[in-house]
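Engineer: Here you go, data-v3.csv (CSV, C-alpha atoms):
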```csv
chain,number,residue,atom,x,y,z
M,1,MET,CA,30.9,54.7,-53.5
M,2,ALA,CA,27.3,54.2,-52.7
M,3,THR,CA,25.3,52.2,-55.2
M,4,LEU,CA,21.6,52.0,-56.0
M,5,THR,CA,20.5,48.6,-57.0
M,6,MET,CA,17.8,48.6,-59.6
M,7,GLU,CA,16.6,45.1,-60.6
M,8,GLY,CA,13.3,46.2,-62.1
M,9,PRO,CA,10.1,48.0,-61.4
M,10,MET,CA,8.3,45.1,-59.8
M,11,THR,CA,9.4,44.6,-56.2
M,12,GLY,CA,8.1,43.0,-53.0
M,13,GLY,CA,6.5,46.3,-52.2
M,14,ALA,CA,4.3,46.0,-55.2
M,15,VAL,CA,3.0,42.6,-54.1
M,16,LYS,CA,2.3,43.9,-50.6
M,17,ALA,CA,0.5,46.9,-52.0
M,18,ALA,CA,-1.7,44.7,-54.1
M,19,LYS,CA,-2.7,42.7,-51.1
M,20,GLY,CA,-3.7,45.8,-49.2
M,21,ASP,CA,-5.6,47.5,-52.0
M,22,GLY,CA,-8.9,45.8,-51.0
M,23,ALA,CA,-8.7,47.3,-47.5
M,24,ASP,CA,-7.8,50.7,-49.0
M,25,ARG,CA,-10.8,50.6,-51.2
M,26,GLU,CA,-13.1,49.9,-48.2
M,27,LEU,CA,-11.6,52.8,-46.4
M,28,VAL,CA,-12.0,55.2,-49.3
M,29,ARG,CA,-15.6,54.0,-49.7
M,30,ALA,CA,-16.3,54.7,-46.0
M,31,ILE,CA,-14.9,58.1,-46.4
M,32,ALA,CA,-16.9,58.9,-49.5
M,33,GLU,CA,-20.2,57.5,-48.3
M,34,HIS,CA,-20.1,58.2,-44.6
M,35,ALA,CA,-17.4,60.8,-44.0
M,36,ASP,CA,-15.9,58.2,-41.7
M,37,VAL,CA,-13.2,59.9,-39.7
M,38,ASP,CA,-11.8,56.6,-38.3
M,39,ALA,CA,-11.4,55.3,-41.9
M,40,PHE,CA,-9.6,58.4,-42.9
M,41,GLU,CA,-7.2,58.2,-39.9
M,42,ARG,CA,-6.4,54.6,-40.8
M,43,LEU,CA,-5.7,55.6,-44.4
M,44,TYR,CA,-3.7,58.6,-43.2
M,45,HIS,CA,-1.4,56.6,-41.0
M,46,GLY,CA,-1.2,53.7,-43.5
M,47,TYR,CA,0.2,56.1,-46.2
M,48,ARG,CA,2.4,58.1,-44.0
M,49,HIS,CA,5.4,55.8,-44.3
M,50,ARG,CA,4.7,54.9,-47.9
M,51,LEU,CA,4.0,58.4,-49.3
M,52,GLY,CA,6.0,60.4,-46.8
M,53,PRO,CA,9.6,59.5,-48.0
M,54,PHE,CA,8.5,59.8,-51.6
M,55,MET,CA,7.3,63.4,-51.0
M,56,TYR,CA,10.3,64.3,-48.8
M,57,ARG,CA,12.8,63.6,-51.5
M,58,PHE,CA,11.0,66.1,-53.7
M,59,VAL,CA,10.3,68.8,-51.1
M,60,ARG,CA,13.6,68.5,-49.2
M,61,ASP,CA,12.3,70.2,-46.0
M,62,THR,CA,10.8,68.5,-43.0
M,63,PHE,CA,8.1,71.1,-42.3
M,64,ALA,CA,7.2,71.6,-45.9
M,65,HIS,CA,7.1,67.9,-46.4
M,66,GLU,CA,4.7,67.4,-43.5
M,67,GLU,CA,2.5,70.2,-44.9
M,68,ALA,CA,2.5,68.8,-48.4
M,69,PHE,CA,1.6,65.3,-47.1
M,70,ASN,CA,-1.3,66.8,-45.1
M,71,ASP,CA,-2.5,68.7,-48.2
M,72,VAL,CA,-2.5,65.5,-50.2
M,73,MET,CA,-4.4,63.5,-47.6
M,74,MET,CA,-6.9,66.4,-47.2
M,75,THR,CA,-7.4,66.2,-51.0
M,76,VAL,CA,-8.1,62.5,-50.6
M,77,TRP,CA,-10.7,63.3,-47.9
M,78,ARG,CA,-12.4,65.9,-50.1
M,79,LYS,CA,-12.3,63.9,-53.3
M,80,ALA,CA,-12.9,60.3,-52.0
M,81,ALA,CA,-16.2,60.2,-53.9
M,82,THR,CA,-14.4,60.8,-57.2
M,83,TYR,CA,-12.3,57.6,-56.9
M,84,ASN,CA,-13.9,55.3,-59.5
M,85,GLY,CA,-11.9,52.1,-58.7
M,86,ALA,CA,-10.3,52.0,-62.2
M,87,SER,CA,-6.8,51.9,-60.6
M,88,LYS,CA,-5.4,50.9,-57.2
M,89,VAL,CA,-6.1,53.3,-54.4
M,90,SER,CA,-2.3,53.8,-54.0
M,91,THR,CA,-2.0,54.8,-57.7
M,92,TRP,CA,-4.8,57.3,-57.2
M,93,ILE,CA,-3.2,58.8,-54.1
M,94,PHE,CA,0.3,58.9,-55.6
M,95,SER,CA,-1.0,60.7,-58.6
M,96,ILE,CA,-2.4,63.4,-56.3
M,97,ALA,CA,0.9,63.5,-54.5
M,98,TYR,CA,2.8,63.9,-57.7
M,99,ARG,CA,0.8,67.0,-58.7
M,100,HIS,CA,1.5,68.5,-55.3
M,101,CYS,CA,5.2,67.7,-55.7
M,102,LEU,CA,5.4,69.4,-59.1
M,103,LYS,CA,3.9,72.5,-57.5
M,104,ALA,CA,6.4,72.3,-54.7
M,105,LEU,CA,9.3,72.0,-57.1
M,106,GLN,CA,8.2,75.1,-59.0
M,107,ARG,CA,8.4,77.0,-55.7
M,108,ARG,CA,11.5,75.4,-54.3
M,109,GLN,CA,13.8,74.5,-57.3
M,110,HIS,CA,17.5,74.1,-56.6
M,111,GLU,CA,17.0,74.6,-52.8
M,112,PRO,CA,19.9,73.0,-50.9
M,113,LEU,CA,19.4,70.3,-48.3
M,114,GLY,CA,18.7,71.7,-44.9
M,115,ASP,CA,20.0,70.6,-41.5
M,116,SER,CA,18.7,67.3,-40.4
M,117,GLU,CA,19.4,64.7,-37.7
M,118,ASP,CA,22.3,63.5,-39.8
M,119,THR,CA,24.5,66.1,-38.2
M,120,LEU,CA,24.0,64.4,-34.9
M,121,ALA,CA,24.8,60.9,-36.1
M,122,ALA,CA,27.3,58.8,-34.1
M,123,PRO,CA,30.6,58.1,-35.9
M,124,ASP,CA,29.7,54.5,-36.7
M,125,GLU,CA,26.5,55.6,-38.4
M,126,ARG,CA,28.2,58.2,-40.5
M,127,GLY,CA,28.9,56.0,-43.5
M,128,VAL,CA,25.2,55.0,-43.8
M,129,PHE,CA,24.1,58.6,-43.7
M,130,GLU,CA,26.7,59.7,-46.2
M,131,GLN,CA,25.5,57.0,-48.6
M,132,ARG,CA,21.9,58.0,-48.2
M,133,GLU,CA,22.8,61.7,-48.7
M,134,LEU,CA,24.8,60.7,-51.8
M,135,ILE,CA,21.8,58.9,-53.3
M,136,GLU,CA,19.4,61.8,-52.4
M,137,ARG,CA,21.8,64.3,-54.0
M,138,ALA,CA,22.0,62.3,-57.2
M,139,LEU,CA,18.2,62.0,-57.3
M,140,SER,CA,17.9,65.8,-57.0
M,141,GLY,CA,20.0,66.1,-60.1
M,142,LEU,CA,17.4,64.3,-62.2
M,143,SER,CA,14.5,66.1,-63.9
M,144,ALA,CA,11.1,65.9,-62.2
M,145,GLU,CA,9.9,63.3,-64.7
M,146,HIS,CA,12.9,61.1,-64.3
M,147,ARG,CA,12.9,61.4,-60.5
M,148,LEU,CA,9.3,60.4,-60.4
M,149,VAL,CA,9.7,57.1,-62.3
M,150,VAL,CA,12.8,56.2,-60.2
M,151,GLU,CA,11.0,56.9,-56.9
M,152,LEU,CA,7.9,55.0,-57.9
M,153,ALA,CA,9.6,52.0,-59.5
M,154,TYR,CA,12.5,51.4,-57.2
M,155,PHE,CA,11.4,52.9,-53.9
M,156,GLY,CA,7.6,52.6,-54.2
M,157,GLY,CA,7.3,49.2,-56.0
M,158,HIS,CA,4.9,50.4,-58.7
M,159,ASN,CA,4.8,48.7,-62.0
M,160,TYR,CA,4.8,50.4,-65.5
M,161,ARG,CA,1.1,50.6,-65.8
M,162,GLU,CA,0.6,52.2,-62.4
M,163,ILE,CA,3.4,54.7,-63.1
M,164,SER,CA,1.8,55.6,-66.4
M,165,GLU,CA,-1.5,56.3,-64.6
M,166,ILE,CA,0.2,58.4,-61.9
M,167,ALA,CA,2.3,60.4,-64.4
M,168,ASP,CA,-0.5,60.5,-67.0
M,169,CYS,CA,1.7,59.3,-69.9
M,170,PRO,CA,1.9,56.1,-72.0
M,171,GLU,CA,3.7,53.0,-70.6
M,172,ASN,CA,6.3,53.2,-73.3
M,173,THR,CA,7.1,56.7,-72.2
M,174,VAL,CA,7.6,55.4,-68.7
M,175,LYS,CA,10.0,52.7,-69.9
M,176,THR,CA,12.0,55.3,-71.9
M,177,ARG,CA,12.2,57.6,-68.9
M,178,ILE,CA,13.4,54.8,-66.6
M,179,PHE,CA,16.1,53.8,-69.1
M,180,HIS,CA,17.4,57.4,-69.4
M,181,ALA,CA,17.0,58.0,-65.6
M,182,ARG,CA,19.1,55.0,-64.8
M,183,ARG,CA,21.9,56.2,-67.0
M,184,LYS,CA,21.8,59.7,-65.7
M,185,LEU,CA,21.6,58.5,-62.1
M,186,LYS,CA,24.6,56.2,-62.5
M,187,ALA,CA,26.7,59.1,-63.9
M,188,LEU,CA,25.6,61.5,-61.2
M,189,MET,CA,26.4,59.0,-58.4
M,190,GLN,CA,29.8,58.2,-59.9
M,191,ALA,CA,30.7,61.9,-60.2
M,192,LEU,CA,29.4,62.7,-56.6
M,193,GLY,CA,31.2,59.7,-55.2
M,194,GLU,CA,34.5,60.8,-56.8
M,195,THR,CA,34.0,64.3,-55.5
M,196,ALA,CA,33.3,63.0,-52.0
M,197,ALA,CA,36.4,60.8,-52.1
M,198,GLU,CA,38.6,63.8,-53.1
M,199,GLU,CA,37.2,65.9,-50.3
M,200,ARG,CA,38.0,63.2,-47.7
M,201,THR,CA,41.6,62.9,-49.1
M,202,PRO,CA,44.0,64.8,-46.8
```
Before we go any further, please render this structure as structure tokens.

Structural biologist:
Amino acid sequence: MATLTMEGPMTGGAVKAAKGDGADRELVRAIAEHADVDAFERLYHGYRHRLGPFMYRFVRDTFAHEEAFNDVMMTVWRKAATYNGASKVSTWIFSIAYRHCLKALQRRQHEPLGDSEDTLAAPDERGVFEQRELIERALSGLSAEHRLVVELAYFGGHNYREISEIADCPENTVKTRIFHARRKLKALMQALGETAAEERTP
């Protein structure tokens, strides 16, 4: 059965993000003060691989995910002047993305996974894709609030304070949500793993 290792909300990704925050601030400043298109393109491409997977796991559709990502980045372009530097740029951008994701969930709740490149996977890659799908299915069984803290803490490398700013709730609430999300996710993955094993049994 696939497992999801959760050692804690601080990961190597958080350290890397902290190092890049200064550069991100300069890009946002250039956008706000000079409508610098080159700066926006650098920010856009820099966040595509960080923000994209986070949003895809909420939206569950390749086209809709691309559209949602573009909407978020256009909001960043329009509202760059409102960034006050009180938090990391990544925290500010992820908070915008979270609000977009909530709206997307309201429109697309309980929509099944669509076709993807997984169906064309070679036999030796199948186990990897099955594990990934199992994790994604388990994540989809969490509430929006619980899914958010798992995504941000264990996939995005954000700490408690950053998550509290993104989700607009106290740090203690974040800690409680992570605790309950881990328990729920473990139960969901165990149940899904058992079901998958039964389906493979002749």

Engineer: Rounded to one decimal, what separation in Å do you get between CA of Gly156 (chain M) and CA of Ala80 (chain M)?

Structural biologist: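 Separation of CA of Gly156 (chain M) and CA of Ala80 (chain M): 22.0 Å.
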
Engineer: Rank nothing, just name the residue among M:Leu102, M:Val150, M:Leu192, M:Val89 nearest to Phe179 (chain M), using all atoms listed in the file.

Structural biologist: M:Val150

Engineer: Extract, using all atoms listed in the file, all DNA, RNA and protein residues at most 8 Å from Ala39 (chain M), discarding same-chain residues fewer than 5 positions from it, and format them as a PDB file with C-alpha atoms, keeping the file's coordinate frame.

Structural biologist:
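Result went into out_31.pdb, see below:
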```
ATOM      1  CA  LEU M  27     -11.600  52.800 -46.400  1.00  0.00           C
ATOM      2  CA  VAL M  28     -12.000  55.200 -49.300  1.00  0.00           C
ATOM      3  CA  ALA M  30     -16.300  54.700 -46.000  1.00  0.00           C
ATOM      4  CA  ILE M  31     -14.900  58.100 -46.400  1.00  0.00           C
TER       5      ILE M  31
END
```

Engineer: Excluding Tyr47 (chain M) and its own-chain neighbours fewer than 5 positions away, which residues fall within 10 Å of it when counting all atoms listed in the file? Please give them as a PyMOL selection string.

Structural biologist: chain M and resi 41-42+52+69+73+90+93-94

Engineer: Quick one: residues within 10 Å of Arg182 (chain M), only C-alpha atoms, excluding same-chain residues fewer than 5 positions away - as a list in words?

Structural biologist: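 Residues near the query, excluding close chain neighbours: Leu4, Met6, Leu142, His146, Arg147, Val149, Val150, Arg177, Ala187 and Leu188 of chain M.
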
Engineer: Might you pull out every residue within 10 Å of region 162-165 of chain M, with only C-alpha atoms counted and same-chain residues fewer than 4 positions away left off, and present them as a ChimeraX atom specification?

Structural biologist: /M:9,87-88,90-92,94-95,148-150,152-153,157-158,169-175

Engineer: Take the residues that were just selected and, keeping C-alpha atoms, output them as a short mmCIF file (atom, residue, chain, number, x, y, z; two decimals), keeping the file's coordinate frame.

Structural biologist:
```cif
data_model
loop_
_atom_site.label_atom_id
_atom_site.label_comp_id
_atom_site.auth_asym_id
_atom_site.auth_seq_id
_atom_site.Cartn_x
_atom_site.Cartn_y
_atom_site.Cartn_z
CA PRO M 9 10.10 48.00 -61.40
CA SER M 87 -6.80 51.90 -60.60
CA LYS M 88 -5.40 50.90 -57.20
CA SER M 90 -2.30 53.80 -54.00
CA THR M 91 -2.00 54.80 -57.70
CA TRP M 92 -4.80 57.30 -57.20
CA PHE M 94 0.30 58.90 -55.60
CA SER M 95 -1.00 60.70 -58.60
CA LEU M 148 9.30 60.40 -60.40
CA VAL M 149 9.70 57.10 -62.30
CA VAL M 150 12.80 56.20 -60.20
CA LEU M 152 7.90 55.00 -57.90
CA ALA M 153 9.60 52.00 -59.50
CA GLY M 157 7.30 49.20 -56.00
CA HIS M 158 4.90 50.40 -58.70
CA CYS M 169 1.70 59.30 -69.90
CA PRO M 170 1.90 56.10 -72.00
CA GLU M 171 3.70 53.00 -70.60
CA ASN M 172 6.30 53.20 -73.30
CA THR M 173 7.10 56.70 -72.20
CA VAL M 174 7.60 55.40 -68.70
CA LYS M 175 10.00 52.70 -69.90
#
```

Engineer: Expressed in Å to a single decimal, how great is the separation between CA of Val72 (chain M) and CA of Asp21 (chain M)?

Structural biologist: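 Rounded to one decimal, the two atoms are 18.4 Å apart.
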
Engineer: State, in Å with one decimal place, the distance from CA of Glu33 (chain M) to CA of Glu66 (chain M).

Structural biologist: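 That distance, rounded to one decimal, is 27.2 Å.
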
Engineer: May I ask which of the residues M:Ala167, M:Tyr154, M:Trp77, M:Ala97 is the closest one to Asp38 (chain M), counting only C-alpha atoms?

Structural biologist: M:Trp77

Engineer: I need the residue nearest Tyr98 (chain M) from this list: M:Glu133, M:Met74, M:Ala191, M:Asp168. Use all atoms listed in the file for the distance.

Structural biologist: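 Checking each of M:Glu133, M:Met74, M:Ala191, M:Asp168 against Tyr98 (chain M), counting all atoms listed in the file, the winner is M:Asp168.
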